[in-house]
>>> print(open('protein_2.tsv').read())   # TSV, C-alpha atoms and all ligand atoms
chain	number	residue	atom	x	y	z
R	1	MET	CA	-8.35	6.08	6.04
R	2	THR	CA	-10.33	4.14	3.50
R	3	SER	CA	-13.57	2.44	4.40
R	4	ASP	CA	-11.97	-1.00	4.66
R	5	SER	CA	-9.39	0.33	7.11
R	6	THR	CA	-12.02	0.83	9.76
R	7	GLY	CA	-13.53	-2.65	9.74
R	8	PRO	CA	-12.02	-5.93	10.84
R	9	ALA	CA	-9.09	-7.30	8.87
R	10	ALA	CA	-10.20	-8.90	5.63
R	11	SER	CA	-9.77	-12.63	5.41
R	12	TYR	CA	-7.03	-13.07	2.86
R	13	PRO	CA	-4.59	-15.88	2.16
R	14	PRO	CA	-1.17	-15.35	3.77
R	15	ALA	CA	1.05	-13.47	1.37
R	16	LEU	CA	4.52	-13.55	2.86
R	17	THR	CA	7.89	-14.49	1.45
R	18	THR	CA	10.30	-16.05	3.94
R	19	ILE	CA	13.69	-14.39	3.66
R	20	SER	CA	15.26	-16.13	6.65
R	21	GLU	CA	14.08	-18.99	8.89
R	22	ASP	CA	16.65	-18.28	11.61
R	23	PRO	CA	16.09	-15.63	12.72
R	24	LEU	CA	12.58	-15.52	11.31
R	25	VAL	CA	12.26	-12.76	8.71
R	26	ARG	CA	9.31	-12.57	6.33
R	27	GLU	CA	8.19	-9.82	4.01
R	28	SER	CA	4.79	-9.10	2.53
R	29	ILE	CA	4.35	-9.61	-1.20
R	30	VAL	CA	3.67	-6.06	-2.35
R	31	ALA	CA	1.06	-7.06	-4.94
R	32	SER	CA	-0.86	-8.77	-2.14
R	33	LEU	CA	-1.13	-5.63	-0.03
R	34	VAL	CA	-4.58	-4.95	-1.38
R	35	THR	CA	-6.40	-3.89	1.78
R	36	ALA	CA	-5.62	-0.82	3.87
R	37	ILE	CA	-5.36	-3.16	6.88
R	38	THR	CA	-2.93	-6.00	6.33
R	39	PRO	CA	-4.28	-9.31	7.68
R	40	THR	CA	-2.04	-10.47	10.53
R	41	GLU	CA	-0.98	-13.60	8.67
R	42	SER	CA	0.29	-11.41	5.81
R	43	PHE	CA	2.05	-8.82	8.02
R	44	TYR	CA	5.83	-8.76	7.66
R	45	VAL	CA	7.97	-10.22	10.48
R	46	ARG	CA	11.44	-9.08	11.50
R	47	ASN	CA	13.14	-10.91	14.39
R	48	HIS	CA	16.81	-10.54	15.26
R	49	PHE	CA	17.32	-13.75	17.23
R	50	SER	CA	16.59	-17.46	16.73
R	51	VAL	CA	14.19	-17.93	19.60
R	52	VAL	CA	10.79	-16.31	19.69
R	53	PRO	CA	10.08	-15.87	23.42
R	54	ALA	CA	7.27	-18.14	24.63
R	55	ILE	CA	5.73	-15.94	27.30
R	56	ASP	CA	3.04	-17.03	29.75
R	57	ALA	CA	0.85	-13.94	30.10
R	58	ASP	CA	-0.13	-14.94	33.67
R	59	LYS	CA	3.49	-14.91	34.79
R	60	TRP	CA	4.56	-11.94	32.65
R	61	ARG	CA	5.31	-8.63	34.41
R	62	LEU	CA	6.12	-5.21	33.03
R	63	LYS	CA	8.61	-3.35	35.20
R	64	VAL	CA	8.86	0.43	35.00
R	65	GLU	CA	11.95	1.54	36.87
R	66	GLY	CA	15.04	3.74	36.92
R	67	MET	CA	14.54	7.47	37.26
R	68	VAL	CA	10.90	7.36	38.29
R	69	HIS	CA	9.24	8.49	41.51
R	70	GLN	CA	7.17	5.31	41.82
R	71	PRO	CA	8.58	2.12	40.25
R	72	LEU	CA	5.84	-0.14	38.90
R	73	GLU	CA	5.44	-3.83	38.28
R	74	LEU	CA	2.28	-4.42	36.26
R	75	THR	CA	0.60	-7.73	35.55
R	76	PHE	CA	-1.02	-8.41	32.18
R	77	ASP	CA	-4.51	-8.07	33.75
R	78	GLU	CA	-3.58	-4.76	35.37
R	79	LEU	CA	-2.48	-3.44	32.01
R	80	LEU	CA	-5.68	-4.66	30.34
R	81	SER	CA	-7.74	-2.87	33.01
R	82	LEU	CA	-6.29	0.54	32.06
R	83	PRO	CA	-8.17	2.74	29.54
R	84	SER	CA	-7.45	1.46	26.05
R	85	VAL	CA	-6.77	3.18	22.74
R	86	GLU	CA	-7.17	1.79	19.21
R	87	SER	CA	-5.30	3.05	16.24
R	88	VAL	CA	-4.37	2.10	12.69
R	89	VAL	CA	-0.59	2.22	12.36
R	90	THR	CA	1.80	1.37	9.53
R	91	LEU	CA	5.08	-0.31	10.44
R	92	GLU	CA	7.99	-0.24	8.03
R	93	CYS	CA	11.34	-1.88	8.74
R	94	ALA	CA	14.34	0.44	8.38
R	95	GLY	CA	15.82	-2.19	6.06
R	96	ASN	CA	12.83	-2.21	3.70
R	97	SER	CA	13.86	-1.95	0.00
R	98	ARG	CA	17.50	-2.57	0.92
R	99	SER	CA	18.00	-5.03	-1.93
R	100	TYR	CA	17.51	-2.24	-4.50
R	101	LEU	CA	20.67	-0.44	-3.39
R	102	THR	CA	23.76	-0.41	-5.57
R	103	PRO	CA	26.33	-1.35	-4.46
R	104	PRO	CA	24.63	-3.90	-2.18
R	105	ALA	CA	24.28	-2.80	1.44
R	106	GLU	CA	24.84	-4.94	4.56
R	107	GLY	CA	21.81	-6.65	6.06
R	108	ILE	CA	18.69	-8.66	5.30
R	109	ALA	CA	17.87	-8.37	1.60
R	110	PHE	CA	14.34	-6.99	1.78
R	111	GLY	CA	12.40	-6.11	-1.35
R	112	HIS	CA	9.67	-3.49	-0.91
R	113	GLY	CA	7.52	-5.69	1.35
R	114	ALA	CA	8.82	-4.97	4.86
R	115	VAL	CA	5.87	-2.65	5.39
R	116	SER	CA	2.36	-3.49	6.61
R	117	THR	CA	-0.52	-1.84	8.46
R	118	ALA	CA	-2.66	-3.12	11.31
R	119	ARG	CA	-5.33	-1.91	13.69
R	120	TRP	CA	-3.70	-2.00	17.11
R	121	LYS	CA	-5.17	-1.77	20.58
R	122	GLY	CA	-3.30	-1.02	23.75
R	123	VAL	CA	-2.59	1.37	26.56
R	124	SER	CA	-1.04	4.80	26.16
R	125	LEU	CA	2.64	4.62	27.14
R	126	ALA	CA	2.46	8.22	28.44
R	127	GLN	CA	-0.25	7.17	30.86
R	128	VAL	CA	1.95	4.43	32.35
R	129	LEU	CA	4.99	6.72	32.50
R	130	GLU	CA	2.93	9.44	34.18
R	131	ARG	CA	1.76	6.93	36.75
R	132	ALA	CA	5.40	6.08	37.52
R	133	GLY	CA	6.37	9.78	37.53
R	134	VAL	CA	9.39	10.43	35.29
R	135	SER	CA	12.12	12.41	37.07
R	136	GLU	CA	12.94	15.90	35.71
R	137	ASP	CA	16.56	14.81	35.13
R	138	ALA	CA	15.60	11.90	32.90
R	139	LEU	CA	16.94	11.91	29.33
R	140	GLU	CA	15.76	8.71	27.69
R	141	VAL	CA	13.40	5.79	28.18
R	142	VAL	CA	14.86	2.36	27.41
R	143	PHE	CA	12.62	-0.54	26.33
R	144	HIS	CA	13.85	-4.08	26.89
R	145	GLY	CA	12.47	-7.10	25.01
R	146	ALA	CA	12.52	-10.67	26.38
R	147	ASP	CA	14.54	-11.98	23.41
R	148	THR	CA	18.29	-12.40	23.61
R	149	GLY	CA	20.94	-13.79	21.34
R	150	GLU	CA	24.20	-13.10	19.64
R	151	GLU	CA	25.33	-10.63	16.96
R	152	GLU	CA	28.59	-10.35	15.14
R	153	GLU	CA	30.29	-7.29	13.76
R	154	ASP	CA	33.78	-6.92	12.29
R	155	GLY	CA	34.64	-10.38	13.62
R	156	VAL	CA	33.60	-9.43	17.17
R	157	VAL	CA	30.84	-11.55	18.68
R	158	TYR	CA	28.55	-9.58	20.94
R	159	SER	CA	27.42	-11.66	23.94
R	160	THR	CA	25.03	-14.57	23.52
R	161	GLU	CA	22.89	-12.81	26.10
R	162	LEU	CA	22.58	-9.63	24.06
R	163	PRO	CA	19.05	-8.30	24.68
R	164	TYR	CA	16.96	-6.48	22.09
R	165	SER	CA	16.76	-3.06	23.74
R	166	ARG	CA	16.10	0.36	22.29
R	167	SER	CA	15.67	3.84	23.73
R	168	LEU	CA	13.63	6.94	22.91
R	169	PRO	CA	14.10	10.53	24.06
R	170	VAL	CA	11.69	11.27	26.94
R	171	ASP	CA	9.73	13.77	24.79
R	172	THR	CA	9.14	11.15	22.11
R	173	ALA	CA	8.18	8.50	24.67
R	174	MET	CA	5.54	10.86	26.09
R	175	ARG	CA	3.85	11.45	22.72
R	176	PRO	CA	0.18	10.44	22.99
R	177	GLU	CA	0.19	8.06	19.99
R	178	LEU	CA	2.75	5.64	21.49
R	179	LEU	CA	1.09	2.45	22.68
R	180	LEU	CA	1.83	-0.56	24.79
R	181	ALA	CA	-0.08	-2.74	22.35
R	182	TYR	CA	-1.73	-6.06	23.22
R	183	GLU	CA	-4.06	-6.52	20.24
R	184	MET	CA	-3.47	-6.59	16.50
R	185	ASN	CA	-6.45	-6.67	14.13
R	186	GLY	CA	-8.83	-7.56	16.95
R	187	GLU	CA	-6.86	-10.53	18.32
R	188	PRO	CA	-4.16	-10.87	20.99
R	189	LEU	CA	-0.71	-10.30	19.52
R	190	THR	CA	0.73	-13.45	17.96
R	191	PRO	CA	4.07	-14.73	19.31
R	192	ASP	CA	5.85	-13.46	16.18
R	193	HIS	CA	4.52	-9.94	16.66
R	194	GLY	CA	5.43	-9.62	20.35
R	195	PHE	CA	2.92	-11.43	22.59
R	196	PRO	CA	1.83	-10.38	25.14
R	197	ILE	CA	2.86	-6.70	24.86
R	198	ARG	CA	4.88	-4.69	22.39
R	199	LEU	CA	5.74	-1.05	22.17
R	200	LEU	CA	4.31	0.72	19.14
R	201	VAL	CA	5.99	3.90	17.94
R	202	PRO	CA	3.90	5.28	15.07
R	203	ARG	CA	5.78	7.27	12.38
R	204	TRP	CA	9.18	5.77	13.32
R	205	TYR	CA	10.88	2.89	11.54
R	206	GLY	CA	9.91	-0.47	13.01
R	207	MET	CA	13.08	-1.07	15.04
R	208	ALA	CA	11.69	1.29	17.71
R	209	SER	CA	8.59	-0.83	18.29
R	210	VAL	CA	10.13	-3.29	20.75
R	211	LYS	CA	8.36	-6.66	20.88
R	212	TRP	CA	7.97	-8.98	23.94
R	213	LEU	CA	8.38	-5.98	26.22
R	214	THR	CA	9.31	-6.79	29.83
R	215	ARG	CA	11.06	-3.72	31.24
R	216	ILE	CA	10.94	0.03	30.79
R	217	GLU	CA	13.91	1.84	32.27
R	218	VAL	CA	14.12	5.62	32.59
R	219	VAL	CA	17.73	6.85	32.41
R	220	ASP	CA	19.69	10.10	32.58
R	221	LYS	CA	22.41	9.11	30.10
R	222	PRO	CA	22.28	8.25	26.39
R	223	PHE	CA	21.59	4.53	26.03
R	224	GLU	CA	24.54	2.76	24.39
R	225	GLY	CA	23.01	-0.66	23.61
R	226	PHE	CA	24.02	-2.66	20.52
R	227	PHE	CA	20.76	-2.01	18.63
R	228	GLN	CA	20.96	1.68	19.51
R	229	LYS	CA	24.55	2.53	18.66
R	230	ARG	CA	25.79	-0.21	16.33
R	231	ARG	CA	22.60	-0.79	14.39
R	232	TYR	CA	19.97	1.59	13.08
R	233	VAL	CA	22.43	4.45	12.65
R	234	PHE	CA	23.56	6.30	9.53
R	235	ILE	CA	27.34	6.34	9.76
R	236	ASP	CA	29.22	9.31	8.32
R	237	GLU	CA	32.77	8.02	8.05
R	238	GLY	CA	34.57	10.82	6.25
R	239	VAL	CA	34.97	12.81	9.45
R	240	GLU	CA	38.32	13.64	11.06
R	241	ASP	CA	37.43	12.85	14.70
R	242	GLY	CA	36.01	9.44	13.81
R	243	PRO	CA	32.68	8.28	12.38
R	244	VAL	CA	29.56	10.22	13.28
R	245	ARG	CA	26.52	8.06	14.00
R	246	MET	CA	23.11	9.59	13.33
R	247	PRO	CA	20.14	7.59	14.61
R	248	VAL	CA	17.51	6.27	12.22
R	249	THR	CA	14.21	7.73	13.45
R	250	SER	CA	11.08	8.76	11.53
R	251	LEU	CA	9.72	7.20	8.34
R	252	LYS	CA	10.74	8.93	5.15
R	253	VAL	CA	8.06	9.70	2.62
R	254	LYS	CA	7.54	6.66	0.40
R	255	SER	CA	5.07	4.95	-1.91
R	256	VAL	CA	4.51	1.59	-3.56
R	257	ILE	CA	2.48	0.34	-6.51
R	258	THR	CA	0.40	-2.67	-5.45
R	259	SER	CA	-1.35	-3.08	-8.81
R	260	PRO	CA	-0.15	-3.92	-11.39
R	261	ARG	CA	2.69	-6.13	-10.26
R	262	HIS	CA	6.04	-6.25	-12.03
R	263	GLY	CA	5.79	-8.27	-15.25
R	264	GLU	CA	2.00	-8.21	-15.37
R	265	VAL	CA	0.34	-8.48	-18.77
R	266	ILE	CA	-2.32	-5.77	-19.04
R	267	GLN	CA	-4.97	-6.23	-21.73
R	268	PRO	CA	-5.68	-3.20	-23.96
R	269	GLY	CA	-8.36	-0.99	-22.42
R	270	ASP	CA	-9.03	0.60	-19.04
R	271	PHE	CA	-6.89	-0.21	-16.02
R	272	VAL	CA	-6.57	1.28	-12.52
R	273	ILE	CA	-3.08	1.69	-11.05
R	274	ARG	CA	-3.17	1.45	-7.25
R	275	GLY	CA	-0.91	1.64	-4.27
R	276	PHE	CA	-0.13	3.11	-0.87
R	277	ALA	CA	1.98	6.03	0.34
R	278	TRP	CA	3.14	7.09	3.79
R	279	SER	CA	5.42	9.47	5.66
R	280	GLY	CA	6.45	9.91	9.28
R	281	GLU	CA	7.27	13.55	8.67
R	282	GLY	CA	3.96	14.95	7.48
R	283	GLU	CA	0.81	14.15	5.59
R	284	VAL	CA	1.14	12.63	2.13
R	285	THR	CA	-0.04	15.43	-0.15
R	286	VAL	CA	0.89	14.50	-3.73
R	287	ILE	CA	1.28	11.20	-5.57
R	288	GLU	CA	2.73	11.33	-9.06
R	289	VAL	CA	2.79	8.33	-11.36
R	290	THR	CA	4.54	7.85	-14.66
R	291	THR	CA	3.67	5.09	-17.13
R	292	ASP	CA	6.36	6.02	-19.66
R	293	GLY	CA	9.51	5.62	-17.61
R	294	GLY	CA	9.51	9.19	-16.30
R	295	ARG	CA	8.89	11.30	-19.43
R	296	THR	CA	5.49	12.43	-18.17
R	297	TRP	CA	3.89	12.29	-14.71
R	298	SER	CA	0.20	12.36	-13.72
R	299	GLU	CA	-1.22	13.11	-10.30
R	300	ALA	CA	-2.99	10.18	-8.67
R	301	LYS	CA	-6.07	10.52	-6.46
R	302	LEU	CA	-5.60	10.07	-2.73
R	303	LEU	CA	-8.40	7.95	-1.27
R	304	GLY	CA	-10.13	8.20	2.10
R	305	ASP	CA	-8.96	10.41	4.93
R	306	SER	CA	-5.44	11.15	6.00
R	307	ASN	CA	-4.18	9.35	9.12
R	308	PRO	CA	-0.76	10.64	10.25
R	309	ASN	CA	0.16	7.19	11.59
R	310	ALA	CA	-0.77	5.07	8.58
R	311	TRP	CA	-0.34	4.74	4.87
R	312	ARG	CA	-2.89	6.18	2.47
R	313	GLU	CA	-4.32	4.45	-0.54
R	314	TRP	CA	-4.12	6.11	-3.98
R	315	LYS	CA	-5.28	5.27	-7.50
R	316	LEU	CA	-4.84	6.48	-11.05
R	317	PRO	CA	-6.90	5.32	-14.05
R	318	TRP	CA	-4.81	4.37	-17.11
R	319	LYS	CA	-5.76	3.33	-20.62
R	320	ALA	CA	-3.59	0.78	-22.36
R	321	THR	CA	-3.94	1.87	-25.97
R	322	VAL	CA	-0.81	0.65	-27.75
R	323	PRO	CA	1.07	-2.61	-27.36
R	324	GLY	CA	4.54	-2.66	-25.83
R	325	HIS	CA	6.41	-2.59	-22.54
R	326	PHE	CA	5.78	0.25	-20.12
R	327	ILE	CA	7.73	1.39	-17.10
R	328	PHE	CA	5.65	2.55	-14.18
R	329	LYS	CA	7.01	4.59	-11.28
R	330	VAL	CA	5.42	6.34	-8.30
R	331	ARG	CA	6.70	9.30	-6.33
R	332	ALA	CA	5.16	10.78	-3.14
R	333	THR	CA	5.52	14.20	-1.52
R	334	ASP	CA	4.52	15.10	2.05
R	335	SER	CA	3.24	18.26	3.73
R	336	SER	CA	6.74	19.08	5.05
R	337	GLY	CA	7.92	19.34	1.45
R	338	ASN	CA	9.80	16.03	1.45
R	339	ARG	CA	9.67	14.24	-1.90
R	340	GLN	CA	11.03	10.82	-2.77
R	341	PRO	CA	14.44	11.17	-4.39
R	342	MET	CA	14.98	10.17	-8.02
R	343	SER	CA	18.37	8.67	-7.19
R	344	ILE	CA	18.62	6.29	-4.25
R	345	PRO	CA	20.57	7.59	-1.23
R	346	TRP	CA	23.12	4.93	-0.23
R	347	ASN	CA	24.34	4.12	3.27
R	348	PHE	CA	26.41	1.20	4.53
R	349	ARG	CA	23.53	-0.73	6.12
R	350	GLY	CA	20.97	0.35	3.57
R	351	TYR	CA	18.57	1.96	6.02
R	352	ALA	CA	15.58	4.10	5.12
R	353	ASN	CA	15.71	3.55	1.37
R	354	ASN	CA	12.83	5.62	0.02
R	355	GLY	CA	13.87	5.30	-3.61
R	356	ILE	CA	11.15	5.19	-6.21
R	357	HIS	CA	9.20	1.97	-6.79
R	358	THR	CA	9.61	1.05	-10.44
R	359	LEU	CA	8.13	-1.83	-12.40
R	360	ALA	CA	7.50	-2.91	-15.98
R	361	VAL	CA	4.30	-4.22	-17.57
R	362	GLU	CA	3.40	-5.55	-20.98
R	363	VAL	CA	0.43	-4.65	-23.16
R	364	PRO	CA	0.10	-7.41	-25.78
R	365	SER	CA	-0.88	-6.69	-29.36
R	366	VAL	CA	-3.32	-9.56	-29.24
R	367	LYS	CA	-5.13	-10.89	-26.18
R	368	LYS	CA	-2.79	-13.16	-24.18
R	401	LIG	N1	11.66	-6.25	19.21
R	401	LIG	C1	12.35	-7.26	19.71
R	401	LIG	N2	12.24	-7.53	21.02
R	401	LIG	N3	13.16	-8.02	18.93
R	401	LIG	C2	13.31	-7.77	17.60
R	401	LIG	O1	14.05	-8.48	16.91
R	401	LIG	N4	12.69	-6.29	15.72
R	401	LIG	C3	12.38	-4.89	15.45
R	401	LIG	C4	11.04	-4.51	16.06
R	401	LIG	N5	10.99	-4.92	17.43
R	401	LIG	C5	12.60	-6.66	17.05
R	401	LIG	C6	11.73	-5.94	17.89
R	401	LIG	C7	12.32	-4.57	14.04
R	401	LIG	S1	13.81	-4.29	13.28
R	401	LIG	C8	11.15	-4.37	13.37
R	401	LIG	S2	11.13	-3.83	11.77
R	401	LIG	C9	9.86	-4.64	14.00
R	401	LIG	O2	10.01	-5.12	15.32
R	401	LIG	C10	9.09	-5.68	13.20
R	401	LIG	O3	7.87	-5.94	13.80
R	401	LIG	P1	7.00	-7.18	13.28
R	401	LIG	O4	7.87	-8.40	13.28
R	401	LIG	O5	5.84	-7.26	14.18
R	401	LIG	O6	6.57	-6.81	11.88
>>> encode(input="protein_2.tsv", output="structure tokens")
Amino acid sequence: MTSDSTGPAASYPPALTTISEDPLVRESIVASLVTAITPTESFYVRNHFSVVPAIDADKWRLKVEGMVHQPLELTFDELLSLPSVESVVTLECAGNSRSYLTPPAEGIAFGHGAVSTARWKGVSLAQVLERAGVSEDALEVVFHGADTGEEEEDGVVYSTELPYSRSLPVDTAMRPELLLAYEMNGEPLTPDHGFPIRLLVPRWYGMASVKWLTRIEVVDKPFEGFFQKRRYVFIDEGVEDGPVRMPVTSLKVKSVITSPRHGEVIQPGDFVIRGFAWSGEGEVTVIEVTTDGGRTWSEAKLLGDSNPNAWREWKLPWKATVPGHFIFKVRATDSSGNRQPMSIPWNFRGYANNGIHTLAVEVPSVKK
């Protein structure tokens, strides 16, 4: 973590691009992601339905039921009275960078900005599940949000009352870093980010972090909900017995350049290339940057301390000596040996694109 990741969120003008008003989808402008903690007003938003639930925290209840020894119904105040945990966590939408896929993939056309980092505060999910006592025969934990709506696929409309629900294997749900979060950057969650409580699943793509949480259900069968089986799956269709659906889970190793931005004019002289890198499958260990379109690569310096749940800042000094156009790229490797691929892996819905961030800059022959 860098020093500015431990303090309060910097005050910074909102830096979001609206991709869709209905449902609300906004992405961060990558060149504006200059602080390790993204100010809440610049944090990307991904809703699936038109209506953002307006929840009265006094009336809100969190039910924990199903295969538990002691079903619970917690009020907001009861949850707040439990021991709290704070942690800096990066969220990235599974559809981030989708628009760079060729041929185009189905879904919201995100650039590279559906990724942001906040300091979250909440209650350990494991603590609440332990209190309820998960049965030995349980297989998964299902998280239900308060939002409902309609989705269409292949001409079939899935109920107007379709809830946003997702499940996790029991082992994953019991991991200590999972939070029932009620604060983001030192303030109560905003309605867009899941007020009053959201699940936070560090190191997994954002779809797992269910917002506006109202019910936790422990089950002994695989959950078959729309957003579990029809979305957020890699579909392998060339298989004789029908398509195989593999769930989208942990964040693939990835990096972005936040400075310079694409098209920037860099004056001759010294410049510092900067960005962030993250992985849900290990620590980021190496950042390589090219400024000549991939002919040569230099290792960037990783800044601050490693936090397994959040991105890490990096920088590389560069000297602009000759005029011309230069292609910059960044490639990250993690401690499990995963390295960003040079060619982008394609899948029908364009999930988990960890292709290499590439941009072009200009060094003018005379000062512009
Ligand atoms: N939870 C509910 N209830 N409804 C949603 O539409 N979107 C999911 C997840 N949780 C969603 C949700 C997706 S796909 C992502 S990427 C994250 O929330 C986005 O969280 P954010 O809007 O706070 O950035």
>>> closest_residue(input="protein_2.tsv", among="R:Thr190, R:Ser279, R:Thr40, R:Thr18", to="R:Ala109", atoms="only C-alpha atoms")
R:Thr18
>>> atom_distance(input="protein_2.tsv", atom1="atom CA of R:Tyr351", atom2="atom CA of R:Thr172")
20.8 Å
>>> residues_near_ligand(input="protein_2.tsv", ligand="ligand LIG 401 (chain R)", cutoff="6 Å", atoms="all atoms listed in the file", output="list of chain:residue names")
R:Tyr44, R:Val45, R:Arg46, R:Asn47, R:His48, R:Cys93, R:Gly145, R:Asp147, R:Tyr164, R:His193, R:Gly206, R:Met207, R:Ser209, R:Val210, R:Lys211, R:Trp212
>>> axis_aligned_box(input="protein_2.tsv", around="stretch 155-168 of chain R", padding_each_side="4 Å", output="AutoDock Vina command-line options")
--center_x 24.1 --center_y -3.8 --center_z 19.9 --size_x 29.0 --size_y 29.5 --size_z 20.5
>>> closest_residue(input="protein_2.tsv", among="R:Ile216, R:Val88, R:Val366, R:Val248", to="R:Ala146", atoms="only C-alpha atoms")
R:Ile216
>>> residues_around(input="protein_2.tsv", residues="stretch 121-132 of chain R", least_positions_apart="3", cutoff="9 Å", atoms="all atoms listed in the file", output="MDAnalysis selection string")
chainID R and resid 64:65 68:72 79:80 82:88 173:186 197 199
>>> residues_around(input="protein_2.tsv", residues="R:Thr333", least_positions_apart="3", cutoff="10 Å", atoms="only C-alpha atoms", output="PyMOL selection string")
chain R and resi 252-255+277-279+282-288+336-341
>>> atom_distance(input="protein_2.tsv", atom1="atom CA of R:Gly355", atom2="atom CA of R:Arg203")
18.0 Å
>>> closest_residue(input="protein_2.tsv", among="R:His325, R:Lys315, R:Gly194, R:Phe348", to="R:Arg230", atoms="all atoms listed in the file")
R:Phe348
>>> closest_residue(input="protein_2.tsv", among="R:Val239, R:Leu359, R:Ile257, R:Val25", to="R:Ser50", atoms="all atoms listed in the file")
R:Val25
>>> closest_residue(input="protein_2.tsv", among="R:Gly225, R:Gly304, R:Pro39, R:Pro364", to="R:Ala118", atoms="all atoms listed in the file")
R:Pro39
>>> closest_residue(input="protein_2.tsv", among="R:Thr35, R:Ser81, R:Thr296, R:Asn347", to="R:Phe276", atoms="all atoms listed in the file")
R:Thr35
>>> atom_distance(input="protein_2.tsv", atom1="atom CA of R:Glu92", atom2="atom CA of R:Phe223")
23.1 Å
>>> residues_around(input="protein_2.tsv", residues="R:Lys319", least_positions_apart="6", cutoff="12 Å", atoms="only C-alpha atoms", output="ChimeraX atom specification")
/R:266-273,291,326,363
>>> residues_around(input="protein_2.tsv", residues="R:Leu91", least_positions_apart="2", cutoff="8 Å", atoms="all atoms listed in the file", output="list in words")
Val89, Cys93, Val115, Ser116, Thr117, Pro202, Arg203, Trp204, Tyr205 and Gly206 of chain R
>>> decode(input="protein_2.tsv", residues="stretch 98-109 of chain R", atoms="N, CA, C and O atoms", output="JSON list (two decimals), in the first residue's frame")
[["chain", "number", "residue", "atom", "x", "y", "z"],
["R", 98, "ARG", "N", -13.88, -4.90, -21.87],
["R", 98, "ARG", "CA", -14.59, -5.70, -22.88],
["R", 98, "ARG", "C", -14.53, -5.08, -24.28],
["R", 98, "ARG", "O", -14.46, -5.78, -25.28],
["R", 99, "SER", "N", -14.55, -3.73, -24.32],
["R", 99, "SER", "CA", -14.65, -3.08, -25.63],
["R", 99, "SER", "C", -13.38, -3.25, -26.47],
["R", 99, "SER", "O", -13.37, -2.90, -27.63],
["R", 100, "TYR", "N", -12.32, -3.79, -25.87],
["R", 100, "TYR", "CA", -11.08, -3.99, -26.65],
["R", 100, "TYR", "C", -11.04, -5.36, -27.32],
["R", 100, "TYR", "O", -10.04, -5.70, -27.95],
["R", 101, "LEU", "N", -12.11, -6.13, -27.17],
["R", 101, "LEU", "CA", -12.11, -7.47, -27.76],
["R", 101, "LEU", "C", -12.51, -7.42, -29.23],
["R", 101, "LEU", "O", -13.38, -6.64, -29.62],
["R", 102, "THR", "N", -11.86, -8.25, -30.03],
["R", 102, "THR", "CA", -12.22, -8.40, -31.43],
["R", 102, "THR", "C", -12.42, -9.88, -31.71],
["R", 102, "THR", "O", -11.51, -10.65, -31.39],
["R", 103, "PRO", "N", -13.54, -10.29, -32.29],
["R", 103, "PRO", "CA", -14.71, -9.48, -32.58],
["R", 103, "PRO", "C", -15.39, -9.00, -31.29],
["R", 103, "PRO", "O", -15.11, -9.53, -30.22],
["R", 104, "PRO", "N", -16.28, -8.00, -31.42],
["R", 104, "PRO", "CA", -16.92, -7.46, -30.22],
["R", 104, "PRO", "C", -17.65, -8.55, -29.43],
["R", 104, "PRO", "O", -18.24, -9.45, -30.02],
["R", 105, "ALA", "N", -17.57, -8.44, -28.10],
["R", 105, "ALA", "CA", -18.27, -9.42, -27.24],
["R", 105, "ALA", "C", -19.57, -8.80, -26.75],
["R", 105, "ALA", "O", -19.73, -7.58, -26.77],
["R", 106, "GLU", "N", -20.50, -9.67, -26.32],
["R", 106, "GLU", "CA", -21.79, -9.23, -25.78],
["R", 106, "GLU", "C", -21.61, -8.51, -24.46],
["R", 106, "GLU", "O", -20.83, -8.98, -23.62],
["R", 107, "GLY", "N", -22.36, -7.44, -24.25],
["R", 107, "GLY", "CA", -22.36, -6.83, -22.91],
["R", 107, "GLY", "C", -21.99, -5.36, -22.95],
["R", 107, "GLY", "O", -21.69, -4.79, -23.99],
["R", 108, "ILE", "N", -22.02, -4.76, -21.77],
["R", 108, "ILE", "CA", -21.70, -3.33, -21.60],
["R", 108, "ILE", "C", -20.28, -3.07, -22.12],
["R", 108, "ILE", "O", -19.34, -3.78, -21.74],
["R", 109, "ALA", "N", -20.15, -2.02, -22.94],
["R", 109, "ALA", "CA", -18.87, -1.76, -23.60],
["R", 109, "ALA", "C", -17.92, -0.96, -22.69],
["R", 109, "ALA", "O", -17.69, 0.23, -22.90]]
